[in-house]
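**Student:** There's a structure below that I have some questions on.
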Amino acid sequence: MGSDRGRSLKRRLSRAVETRLVNRVVRALLARGRLGRTYAVLETIGAKSGQARRTPVANGLQRETFWLLCAHGDSAHYARNIAANPHVRIGVVEGRSLRWRDGVAVPLPDDDARARQRELGRGRLGYKLDGVLLRAVATDLMTIRIDLER
């Protein structure tokens, strides 16, 4: 789907499946301490609503940095929220629950998102499988770096 219309349709369809089905299931499993090696939860503040928005994302934690690969570039809802307010929280499974960490998100549109994804997936089958799905629905792959507070 190379045309703008095709990309827009692909983005709308993937968002509908993610928000109505996939995100709900993954959020519930993460809250129970499951899938933690593969997924985490990104919490942003809605650009228009001002409400906290929680989205399951691939677990890109590396020491004090969290790497987020955004399938729809700055058109993604959480990317728009980050543009309005870069202060975020990341929930990562520790034991049987989520541990929340504050951070500041920095979009990196010039970063090679596919290379970043390969790097993050080394030795992590779940992350690699999620990457296959991400690339299948992606319309404008972009990297966001989140600098976590200690």
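Lettering and numbering for the structure tokens are positional, with chains as A, B, ... in the shown order, residues counted from 1 in each chain, and ligands counted from 1 in the shown order.
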For the alpha helix (DSSP H) assignment from backbone DSSP, which residues of chain A qualify? Please present them as an MDAnalysis selection string.

**Tutor:** chainID A and resid 4:17 23:31 77:84 113:121 125:137

**Student:** List the neighbours of range 125-133 of chain A out to 8 Å using only C-alpha atoms; skip same-chain residues closer than 5 positions along the sequence, and give me the result as JSON, numbers by chain.

**Tutor:** {"A": [37, 38, 39, 58, 59, 117, 118, 120]}

**Student:** Give me, as a PyMOL selection string, all polymer residues having an atom no more than 10 Å from range 83-91 of chain A, counting only C-alpha atoms and skipping those fewer than 3 positions away in the same chain.

**Tutor:** chain A and resi 30-31+36+39-48+50+52-57+59+61+66+74+77-80+94+97-107+146-149

**Student:** Ranking A:Leu29, A:Leu108, A:Leu141, A:Ala113 by minimum distance to Ala76 in chain A and counting only C-alpha atoms, which one comes first?

**Tutor:**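 That would be A:Leu141, the residue with the smallest distance to Ala76 in chain A.
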
**Student:** Got a sec: who's within 9 Å of Met142 in chain A, counting only C-alpha atoms, leaving out chain neighbours fewer than 6 positions off, as a list in words?

**Tutor:**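 Listed by chain and then number, they are Leu68, Leu69, Cys70, Ala71, His72, Gly73, Asp74, Pro107, Leu108, Pro109, Asp110, Asp111, Asp112, Ala113 and Arg114 of chain A.
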
**Student:** Can I get the selection written as a compact mmCIF listing (two decimals), in the first residue's frame, with N, CA and C atoms?

**Tutor:**
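Output saved as part.txt:
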```txt
# COMPACT_ATOMS: atom_id res chain seq x y z
N LEU A 68 11.39 2.44 21.99
CA LEU A 68 10.03 2.23 21.52
C LEU A 68 10.03 2.36 20.00
N LEU A 69 9.47 1.35 19.33
CA LEU A 69 9.36 1.40 17.88
C LEU A 69 7.90 1.65 17.54
N CYS A 70 7.68 2.74 16.86
CA CYS A 70 6.35 3.25 16.59
C CYS A 70 5.97 2.91 15.13
N ALA A 71 4.92 2.11 14.96
CA ALA A 71 4.54 1.62 13.64
C ALA A 71 4.03 2.71 12.69
N HIS A 72 3.45 3.76 13.25
CA HIS A 72 2.83 4.78 12.40
C HIS A 72 3.47 6.16 12.56
N GLY A 73 4.74 6.18 12.94
CA GLY A 73 5.46 7.46 13.05
C GLY A 73 4.72 8.47 13.88
N ASP A 74 4.77 9.75 13.47
CA ASP A 74 4.11 10.78 14.28
C ASP A 74 2.59 10.74 14.16
N PRO A 107 11.55 11.56 20.35
CA PRO A 107 11.42 10.95 19.02
C PRO A 107 12.73 11.07 18.24
N LEU A 108 13.09 9.99 17.55
CA LEU A 108 14.32 9.96 16.75
C LEU A 108 13.98 9.58 15.31
N PRO A 109 13.42 10.52 14.55
CA PRO A 109 12.97 10.19 13.19
C PRO A 109 14.10 9.76 12.26
N ASP A 110 15.35 10.11 12.57
CA ASP A 110 16.47 9.74 11.70
C ASP A 110 17.13 8.42 12.09
N ASP A 111 16.68 7.80 13.18
CA ASP A 111 17.23 6.53 13.62
C ASP A 111 16.75 5.43 12.67
N ASP A 112 17.59 4.43 12.44
CA ASP A 112 17.21 3.29 11.60
C ASP A 112 16.40 2.33 12.47
N ALA A 113 15.08 2.45 12.41
CA ALA A 113 14.18 1.68 13.28
C ALA A 113 14.29 0.18 13.04
N ARG A 114 14.50 -0.23 11.81
CA ARG A 114 14.63 -1.68 11.54
C ARG A 114 15.91 -2.24 12.15
```

**Student:** Report the distance between CA of Ile144 in chain A and CA of Arg5 in chain A in Å, rounded to one decimal place.

**Tutor:**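 It comes out at 25.4 Å.
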
**Student:** Could you tell me how far CA of Asp4 in chain A lies from CA of Ser75 in chain A, in Å and to one decimal?

**Tutor:**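 Atom-to-atom, CA of Asp4 in chain A and CA of Ser75 in chain A are spaced 12.6 Å apart.
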
**Student:** For the strand (DSSP E) assignment from backbone DSSP, which residues of range 26-149 of chain A qualify? Please present them as a PyMOL selection string.

**Tutor:** chain A and resi 39-45+52-58+61-62+65-70+87-94+97-108+142-148

**Student:** Got time to write the residues from that selection, N, CA and C atoms, as a CSV table (one decimal), in the first residue's frame?

**Tutor:**
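Listed below is the output, out.csv:
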```csv
chain,number,residue,atom,x,y,z
A,39,TYR,N,6.6,-7.7,26.4
A,39,TYR,CA,5.8,-6.5,26.4
A,39,TYR,C,6.0,-5.7,27.7
A,40,ALA,N,5.7,-4.4,27.6
A,40,ALA,CA,5.6,-3.4,28.7
A,40,ALA,C,4.4,-2.5,28.4
A,41,VAL,N,4.2,-1.6,29.3
A,41,VAL,CA,3.1,-0.6,29.1
A,41,VAL,C,3.6,0.8,29.1
A,42,LEU,N,3.2,1.5,28.1
A,42,LEU,CA,3.6,2.9,27.9
A,42,LEU,C,2.4,3.8,28.4
A,43,GLU,N,2.7,4.7,29.3
A,43,GLU,CA,1.6,5.6,29.8
A,43,GLU,C,2.0,7.0,29.4
A,44,THR,N,1.1,7.6,28.6
A,44,THR,CA,1.2,9.0,28.1
A,44,THR,C,0.1,9.7,28.7
A,45,ILE,N,0.1,11.1,28.5
A,45,ILE,CA,-1.0,11.9,28.8
A,45,ILE,C,-1.6,12.4,27.5
A,52,ALA,N,-4.6,10.0,31.4
A,52,ALA,CA,-3.6,9.0,31.2
A,52,ALA,C,-4.1,8.0,30.2
A,53,ARG,N,-3.2,7.6,29.3
A,53,ARG,CA,-3.5,6.6,28.3
A,53,ARG,C,-2.4,5.5,28.3
A,54,ARG,N,-2.8,4.3,28.5
A,54,ARG,CA,-1.9,3.2,28.6
A,54,ARG,C,-2.0,2.3,27.4
A,55,THR,N,-0.8,2.0,26.8
A,55,THR,CA,-0.7,1.3,25.6
A,55,THR,C,0.4,0.2,25.7
A,56,PRO,N,0.0,-1.1,25.5
A,56,PRO,CA,1.0,-2.1,25.5
A,56,PRO,C,2.0,-1.9,24.3
A,57,VAL,N,3.3,-2.1,24.6
A,57,VAL,CA,4.3,-1.9,23.6
A,57,VAL,C,5.4,-3.0,23.8
A,58,ALA,N,6.2,-3.2,22.8
A,58,ALA,CA,7.2,-4.2,22.9
A,58,ALA,C,8.2,-3.7,24.0
A,61,LEU,N,13.4,-2.3,27.0
A,61,LEU,CA,14.2,-1.8,28.1
A,61,LEU,C,15.6,-2.3,28.0
A,62,GLN,N,16.6,-1.3,28.0
A,62,GLN,CA,18.0,-1.6,28.1
A,62,GLN,C,18.6,-0.7,29.1
A,65,THR,N,17.4,3.0,29.6
A,65,THR,CA,16.8,3.5,28.4
A,65,THR,C,15.8,2.6,27.9
A,66,PHE,N,14.6,3.1,27.5
A,66,PHE,CA,13.6,2.3,26.9
A,66,PHE,C,13.4,2.7,25.5
A,67,TRP,N,13.6,1.7,24.6
A,67,TRP,CA,13.4,1.9,23.1
A,67,TRP,C,12.0,1.5,22.7
A,68,LEU,N,11.4,2.4,22.0
A,68,LEU,CA,10.0,2.2,21.5
A,68,LEU,C,10.0,2.4,20.0
A,69,LEU,N,9.5,1.4,19.3
A,69,LEU,CA,9.4,1.4,17.9
A,69,LEU,C,7.9,1.6,17.5
A,70,CYS,N,7.7,2.7,16.9
A,70,CYS,CA,6.4,3.3,16.6
A,70,CYS,C,6.0,2.9,15.1
A,87,HIS,N,6.8,13.7,29.0
A,87,HIS,CA,7.0,13.0,30.2
A,87,HIS,C,6.0,11.8,30.2
A,88,VAL,N,6.6,10.6,30.4
A,88,VAL,CA,5.8,9.4,30.3
A,88,VAL,C,6.2,8.5,31.4
A,89,ARG,N,5.5,7.4,31.5
A,89,ARG,CA,5.8,6.3,32.5
A,89,ARG,C,5.8,5.0,31.7
A,90,ILE,N,6.7,4.1,32.1
A,90,ILE,CA,6.8,2.8,31.5
A,90,ILE,C,6.6,1.7,32.6
A,91,GLY,N,5.7,0.8,32.4
A,91,GLY,CA,5.4,-0.3,33.3
A,91,GLY,C,6.0,-1.5,32.8
A,92,VAL,N,7.0,-2.1,33.5
A,92,VAL,CA,7.7,-3.3,33.2
A,92,VAL,C,7.4,-4.4,34.2
A,93,VAL,N,7.1,-5.6,33.8
A,93,VAL,CA,6.8,-6.7,34.7
A,93,VAL,C,8.0,-7.0,35.5
A,94,GLU,N,7.8,-7.0,36.8
A,94,GLU,CA,8.8,-7.5,37.8
A,94,GLU,C,8.1,-8.4,38.7
A,97,SER,N,4.0,-8.4,39.0
A,97,SER,CA,3.2,-7.1,38.8
A,97,SER,C,4.1,-6.1,38.0
A,98,LEU,N,3.5,-5.0,37.7
A,98,LEU,CA,4.2,-4.0,36.9
A,98,LEU,C,5.0,-3.0,37.8
A,99,ARG,N,6.2,-2.7,37.5
A,99,ARG,CA,7.0,-1.7,38.1
A,99,ARG,C,7.0,-0.5,37.2
A,100,TRP,N,6.5,0.7,37.7
A,100,TRP,CA,6.4,1.9,36.9
A,100,TRP,C,7.7,2.7,37.1
A,101,ARG,N,8.2,3.3,36.0
A,101,ARG,CA,9.3,4.2,36.0
A,101,ARG,C,9.0,5.4,35.1
A,102,ASP,N,9.4,6.5,35.6
A,102,ASP,CA,9.1,7.8,34.9
A,102,ASP,C,10.3,8.0,33.9
A,103,GLY,N,9.9,8.7,32.8
A,103,GLY,CA,11.0,9.0,31.8
A,103,GLY,C,10.5,10.1,30.9
A,104,VAL,N,11.5,10.5,30.1
A,104,VAL,CA,11.2,11.6,29.1
A,104,VAL,C,11.5,11.0,27.7
A,105,ALA,N,10.5,11.1,26.9
A,105,ALA,CA,10.5,10.5,25.5
A,105,ALA,C,11.1,11.5,24.5
A,106,VAL,N,12.0,11.0,23.6
A,106,VAL,CA,12.6,11.8,22.6
A,106,VAL,C,12.4,11.0,21.3
A,107,PRO,N,11.6,11.6,20.4
A,107,PRO,CA,11.4,10.9,19.0
A,107,PRO,C,12.7,11.1,18.2
A,108,LEU,N,13.1,10.0,17.6
A,108,LEU,CA,14.3,10.0,16.7
A,108,LEU,C,14.0,9.6,15.3
A,142,MET,N,9.2,4.4,13.2
A,142,MET,CA,10.0,5.4,13.8
A,142,MET,C,10.4,5.0,15.2
A,143,THR,N,11.6,5.4,15.6
A,143,THR,CA,12.1,5.1,16.9
A,143,THR,C,11.8,6.3,17.9
A,144,ILE,N,11.5,5.9,19.1
A,144,ILE,CA,11.4,6.9,20.2
A,144,ILE,C,12.3,6.3,21.3
A,145,ARG,N,13.2,7.2,21.8
A,145,ARG,CA,14.0,6.8,23.0
A,145,ARG,C,13.4,7.4,24.2
A,146,ILE,N,13.3,6.6,25.3
A,146,ILE,CA,12.8,7.1,26.5
A,146,ILE,C,13.9,7.0,27.6
A,147,ASP,N,14.4,8.2,28.1
A,147,ASP,CA,15.4,8.2,29.1
A,147,ASP,C,14.7,8.1,30.4
A,148,LEU,N,15.0,7.0,31.1
A,148,LEU,CA,14.3,6.7,32.4
A,148,LEU,C,15.0,7.4,33.5
```

**Student:** Using CA of Thr139 in chain A and CA of Arg124 in chain A as the two end points, give the distance in Å to one decimal.

**Tutor:**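 Result for CA of Thr139 in chain A versus CA of Arg124 in chain A: 24.1 Å, one decimal.
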